[in-house]
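A.B. asks: There's a structure below that I have some questions on.
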Amino acid sequence: MKKTALILAGICLIIAGMSCSVKENTGPDKAIYEKVDSIMSLMTLEEKAGQMLNLGLAALLEGPFFTFRDTLIFDTAKVNSLLVKHGAGSVQNLGTYPLTPEEWRYYIGYIQNVVKGQTRLKIPVLYGIDAVHGANYTAGSVLTPHQINIAASFDTSLARIAGEITAYEMKASAIPWNYSPNLDVARNPLWGRIYETFGEDTYVTTMMGKSMIEGMMGNDPAAYDKVIASAKHFIGYGAMVTGKDRSFVMMPEHYIRQILLPPFEEAIKSGLLSIMVSSSSLNGTPSHIDHYFLTKVLKEELGFKGVVITDWGDIDNLVNNHRVAKNEREAVKMSVLAGIDICMEPYDASFSEHLIDLVKSGEVPQSRVDDAVRRILYVKYKSGIFDDMLFEKHSYDKFASKEFDSLSLQAARESITLLKNANNILPLAKNKKVLVTGVAGNSINYLNNGWSRTWAGEDTAYNDKQKHTILQAIKAEIGSQNVKFVQGTGYTNEINIDEAVNNARQADIIIACVGEKPATEVPSNIEDLELPDAQIKLVEKLAATGKPVILVMTQGRPRIIRKIEPLVQAVVMAYVPGNEGGIAISDIIFGNANPSGKLPYTYPRYSGSIIMYDHQRENDFGFMAYRPQYEFGYGLSYTTFEYGDIKLDSDSVKSGNTINCSIDVKNTGKLAGKEAVLLFVTDEYASVCPVVKQLKRFTKIYLEPGETKTVTFKLELKDLMFVSSNNKRVYEPGSFKISIGNKEAGFYLYE
Ligand code: GLC
């Protein structure tokens, strides 16, 4: 009897392993799965393959896919072929330029009406978009700071708020599916997409990602102001060896599990329903055909019930770039068998044609397609589009409201990180003559970077005219008569450095706004982490005037500033602060806001010494390689904070117990301020080389001058565990160290 049961269980496991289908017809989603199954019972193979196809909006429009359009006109022949005949299940992103909420409603409404009127089963299309810092492809929407700023704020409530604003303004535009947040742990500072991430740390990414997803999805992603979040890019995308976008990742599985997987694990626990796959290869296997990670780990082990979508054109890339498939048909087969549910094949329907053929020839089992479609329809139900295709029952009065703008401003202010403030030169008095200079000084685009109205974010035509550049914000703050602007340089070229220098001589203070030109993905690749020469030269020449220089940086990556850092009196890191960034920067410079951001990544001093904060000790050995310009978690305030001693409720804990750590933090300065309190754990000895320290908790507190608050953190056994080389999470008894601020305490973990 027992034996039979075991054999049966074994067979079930094997079958489940092959298709890894979502089987639950019980539980809270029972009713949804019943509806899904009843639709599926009516569907043909062709209709199922169509559901698995995700088109670009441009594929439905007149003109070539990549072309500039000043009007979007549907091409009836394309619509009939792709939406009606092939029954594409989802459509995504832009025609070329950002649409107003009304225009989005019109265009998505057109698509939904075609599906409603001309297809047999009338399954609504799931519209997806990259709303990565606000609903950035809706004209006039609130452009919040990018994720790197949210991370620098060390305040998870701001991640939640950013998620809420984004979801609200997406839904105002009738868009229910967001290709965000980015949960890549960014392990290479050369990477151009760091600003789209929460930085280099696993725990920050995990906690910020969780909050942002909760903000986007709430308890019910079908709600009028919530959306389906799609975390990306699974897995390894931000840990490439070369620093170039979409390049290979080499990492043993236990480090993948230790460093890269936790944000996704936590997001799935928070109800995540969609995941986008990494365009890179991992240990020689392109992620799009990685059955182990997509099916075994993600769907089986982590129990992910949602959809797995490819990144842009990545099935084709298996042929063209990765070269693991000789033709597209083979690539479709490999990726669908690996666990892909939706193919982002923006241009045409060749994916579904191949898939139909593969199922008919028996090369892809029908059960795999059924599993994918079941997931897709489940997510479509969860998104609410079956009930209300356009979310028309609500008005969206808060779209682009003052309330949202001020939350975005708050997030920007709380993220900006003061890295140097010699002799407390900042905040500046408001009666000084100021020269604003630098490529980022009078640019909205440099404040917003990529994914801002357009993909690259470079086009100035769609900027919101009422928003303030740094220059405009400073003029508004201290009066135009006190402010002069000379740009000095472009991103890499000199323009009028001498003129800037001449004007510097007349000014009391120079505000040099350097930064990175807007870009994302492959166009954001760079050859050199140093700030471009022209910008370095500008700062050197300005400093040579003897006038004090405030260096303001609007950049995603930590561009190396070793040569100019000693020449300037203050360094203000603004990252990519969004549409309110100009005001936020001015507020920090002139003391309307007290800086409280801290670095969410290590800021290197040399491009040849790229070492994360959580490195193994051998990196320190002998040649002092770990000597960053600024450490992870570094950031100054206009007030001062003093940390008391760390109090632990025990100096030895048993494996089942928790340990409480508390510390008093006092504001010892003259201004009210916020302090991000970061708790790191060091495992003194372990069977896998332990890292110097790892962030395990953080919180942000507000303190009036003279005020003291006690911060208490509770650590659990899982915080002391690590992934061993056999890929299992383990703990090992021994000594641990806790550090908070400049204080340390130790304890012993017993079996
Ligand atoms: C891209 C990006 C991905 C984005 C997708 C859709 O190539 O890598 O992050 O979500 O296209 O625009």
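Residues are named by chain letter and number: chains run A, B, ... in the order of the structure tokens, numbers start at 1 in each chain, and ligands are numbered from 1 in the order shown.
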Output as a ChimeraX atom specification all residues of stretch 405-461 of chain A that backbone DSSP marks as alpha helix (DSSP H).

C.D. replies: /A:405-415,445-448

A.B. asks: Could I get the residue neighbourhood of ligand 1 at 6 Å, counting only C-alpha atoms and all ligand atoms, as a PyMOL selection string?

C.D. replies: chain A and resi 130+179+311-312

A.B. asks: I need the residues from that last selection saved to file as an mmCIF file, in the first residue's frame (with all heavy atoms), if you can.

C.D. replies:
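File written: selection.cif
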data_model
loop_
_atom_site.group_PDB
_atom_site.id
_atom_site.type_symbol
_atom_site.label_atom_id
_atom_site.label_comp_id
_atom_site.auth_asym_id
_atom_site.auth_seq_id
_atom_site.Cartn_x
_atom_site.Cartn_y
_atom_site.Cartn_z
ATOM 1 N N ASP A 130 6.464 49.714 -19.760
ATOM 2 C CA ASP A 130 7.557 49.958 -18.816
ATOM 3 C C ASP A 130 7.292 51.267 -18.088
ATOM 4 O O ASP A 130 7.734 52.330 -18.527
ATOM 5 C CB ASP A 130 8.889 50.072 -19.561
ATOM 6 C CG ASP A 130 9.307 48.763 -20.187
ATOM 7 O OD1 ASP A 130 9.723 47.870 -19.439
ATOM 8 O OD2 ASP A 130 9.210 48.640 -21.426
ATOM 9 N N TYR A 179 5.945 46.429 -16.487
ATOM 10 C CA TYR A 179 7.217 45.697 -16.506
ATOM 11 C C TYR A 179 8.174 46.346 -15.500
ATOM 12 O O TYR A 179 9.193 46.947 -15.848
ATOM 13 C CB TYR A 179 7.820 45.686 -17.909
ATOM 14 C CG TYR A 179 6.884 45.132 -18.968
ATOM 15 C CD1 TYR A 179 6.920 45.595 -20.285
ATOM 16 C CD2 TYR A 179 5.954 44.147 -18.655
ATOM 17 C CE1 TYR A 179 6.063 45.090 -21.249
ATOM 18 C CE2 TYR A 179 5.089 43.642 -19.615
ATOM 19 C CZ TYR A 179 5.150 44.113 -20.907
ATOM 20 O OH TYR A 179 4.296 43.621 -21.860
ATOM 21 N N ASP A 311 12.083 38.789 -22.510
ATOM 22 C CA ASP A 311 12.395 40.188 -22.776
ATOM 23 C C ASP A 311 12.304 40.389 -24.292
ATOM 24 O O ASP A 311 12.074 39.448 -25.063
ATOM 25 C CB ASP A 311 13.778 40.566 -22.222
ATOM 26 C CG ASP A 311 13.918 42.089 -22.036
ATOM 27 O OD1 ASP A 311 13.149 42.847 -22.663
ATOM 28 O OD2 ASP A 311 14.805 42.524 -21.282
ATOM 29 N N TRP A 312 12.479 41.606 -24.718
ATOM 30 C CA TRP A 312 12.249 42.064 -26.097
ATOM 31 C C TRP A 312 13.015 41.212 -27.135
ATOM 32 O O TRP A 312 14.253 41.213 -27.148
ATOM 33 C CB TRP A 312 12.697 43.519 -26.179
ATOM 34 C CG TRP A 312 12.451 44.216 -27.465
ATOM 35 C CD1 TRP A 312 13.159 44.088 -28.628
ATOM 36 C CD2 TRP A 312 11.431 45.177 -27.728
ATOM 37 N NE1 TRP A 312 12.646 44.907 -29.591
ATOM 38 C CE2 TRP A 312 11.580 45.596 -29.061
ATOM 39 C CE3 TRP A 312 10.398 45.737 -26.962
ATOM 40 C CZ2 TRP A 312 10.743 46.547 -29.650
ATOM 41 C CZ3 TRP A 312 9.569 46.684 -27.543
ATOM 42 C CH2 TRP A 312 9.750 47.073 -28.871
#

A.B. asks: Can you tell me how far atom CA of A:Asn424 sits from atom CA of A:Thr699, in Å to one decimal?

C.D. replies: 25.9 Å

A.B. asks: Please identify every residue of stretch 339-436 of chain A that has at least one atom no farther than 7 Å from an atom of stretch 107-128 of chain A, counting only C-alpha atoms, and for each give the shortest atom pair and the distance in Å to one decimal, arranged by chain then increasing number, as a tab-separated table.

C.D. replies:
residue	atom	partner	partner_atom	distance
A:Lys380	CA	A:Leu126	CA	6.6
A:Ile385	CA	A:Pro124	CA	6.4
A:Phe386	CA	A:Pro124	CA	6.4
A:Met389	CA	A:Pro124	CA	6.7
A:Leu390	CA	A:Gly109	CA	6.6

A.B. asks: Which is closest to A:Asp29 among A:Lys382, A:Lys718, A:Ile256, A:Asp464, if we use only C-alpha atoms?

C.D. replies: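 Distance minimum relative to A:Asp29 lands on A:Lys382.
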
A.B. asks: From the list A:Trp177, A:Phe293, A:Tyr685, A:Phe632, which residue is nearest A:Ala131 when using only C-alpha atoms?

C.D. replies: A:Trp177

A.B. asks: For atom CA of A:Ile275 and atom CA of A:Pro523, quote the distance in Å rounded to one decimal.

C.D. replies: 23.8 Å

A.B. asks: Taking the DSSP secondary structure from the backbone, can you list the residues of stretch 396-448 of chain A that are strand (DSSP E), as a PyMOL selection string?

C.D. replies: chain A and resi 417-421+434-437

A.B. asks: Go ahead and save the picked residues with N, CA and C atoms, as a short mmCIF file (atom, residue, chain, number, x, y, z; two decimals), in the first residue's frame.

C.D. replies:
data_model
loop_
_atom_site.label_atom_id
_atom_site.label_comp_id
_atom_site.auth_asym_id
_atom_site.auth_seq_id
_atom_site.Cartn_x
_atom_site.Cartn_y
_atom_site.Cartn_z
N THR A 417 22.09 62.41 -1.75
CA THR A 417 23.10 61.97 -0.78
C THR A 417 24.26 62.96 -0.77
N LEU A 418 24.49 63.51 0.39
CA LEU A 418 25.59 64.47 0.55
C LEU A 418 26.86 63.68 0.86
N LEU A 419 27.83 63.76 -0.06
CA LEU A 419 29.02 62.92 0.08
C LEU A 419 30.22 63.70 0.62
N LYS A 420 30.18 64.99 0.49
CA LYS A 420 31.28 65.80 1.04
C LYS A 420 30.71 67.17 1.38
N ASN A 421 31.16 67.73 2.48
CA ASN A 421 30.68 69.07 2.85
C ASN A 421 31.76 69.76 3.68
N VAL A 434 25.75 83.17 -7.74
CA VAL A 434 26.02 81.77 -8.06
C VAL A 434 26.22 81.59 -9.56
N LEU A 435 27.22 80.81 -9.92
CA LEU A 435 27.33 80.36 -11.31
C LEU A 435 26.88 78.91 -11.35
N VAL A 436 25.86 78.66 -12.17
CA VAL A 436 25.46 77.27 -12.41
C VAL A 436 26.08 76.87 -13.74
N THR A 437 26.71 75.73 -13.76
CA THR A 437 27.38 75.30 -14.99
C THR A 437 27.32 73.78 -15.09
#

A.B. asks: So that I can check the surroundings of A:Leu678, please list as a list in words every protein, DNA and RNA residue that reaches within 7 Å of it, counting only C-alpha atoms and ignoring chain neighbours fewer than 2 positions away.

C.D. replies: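 Once the nearby chain positions are removed, what remains is Ala676, Phe680, Leu695, Arg697, Phe698, Thr699, Ile740 and Gly741 of chain A.
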
A.B. asks: Those same residues - C-alpha atoms - I'd like them written as a compact mmCIF listing (two decimals), in the first residue's frame.

C.D. replies:
# COMPACT_ATOMS: atom_id res chain seq x y z
CA ALA A 676 18.94 55.93 8.03
CA PHE A 680 25.17 44.81 9.32
CA LEU A 695 23.17 44.47 5.56
CA ARG A 697 18.11 45.53 8.61
CA PHE A 698 17.54 49.23 8.08
CA THR A 699 15.10 51.87 9.13
CA ILE A 740 25.42 49.79 13.46
CA GLY A 741 26.93 53.18 12.70
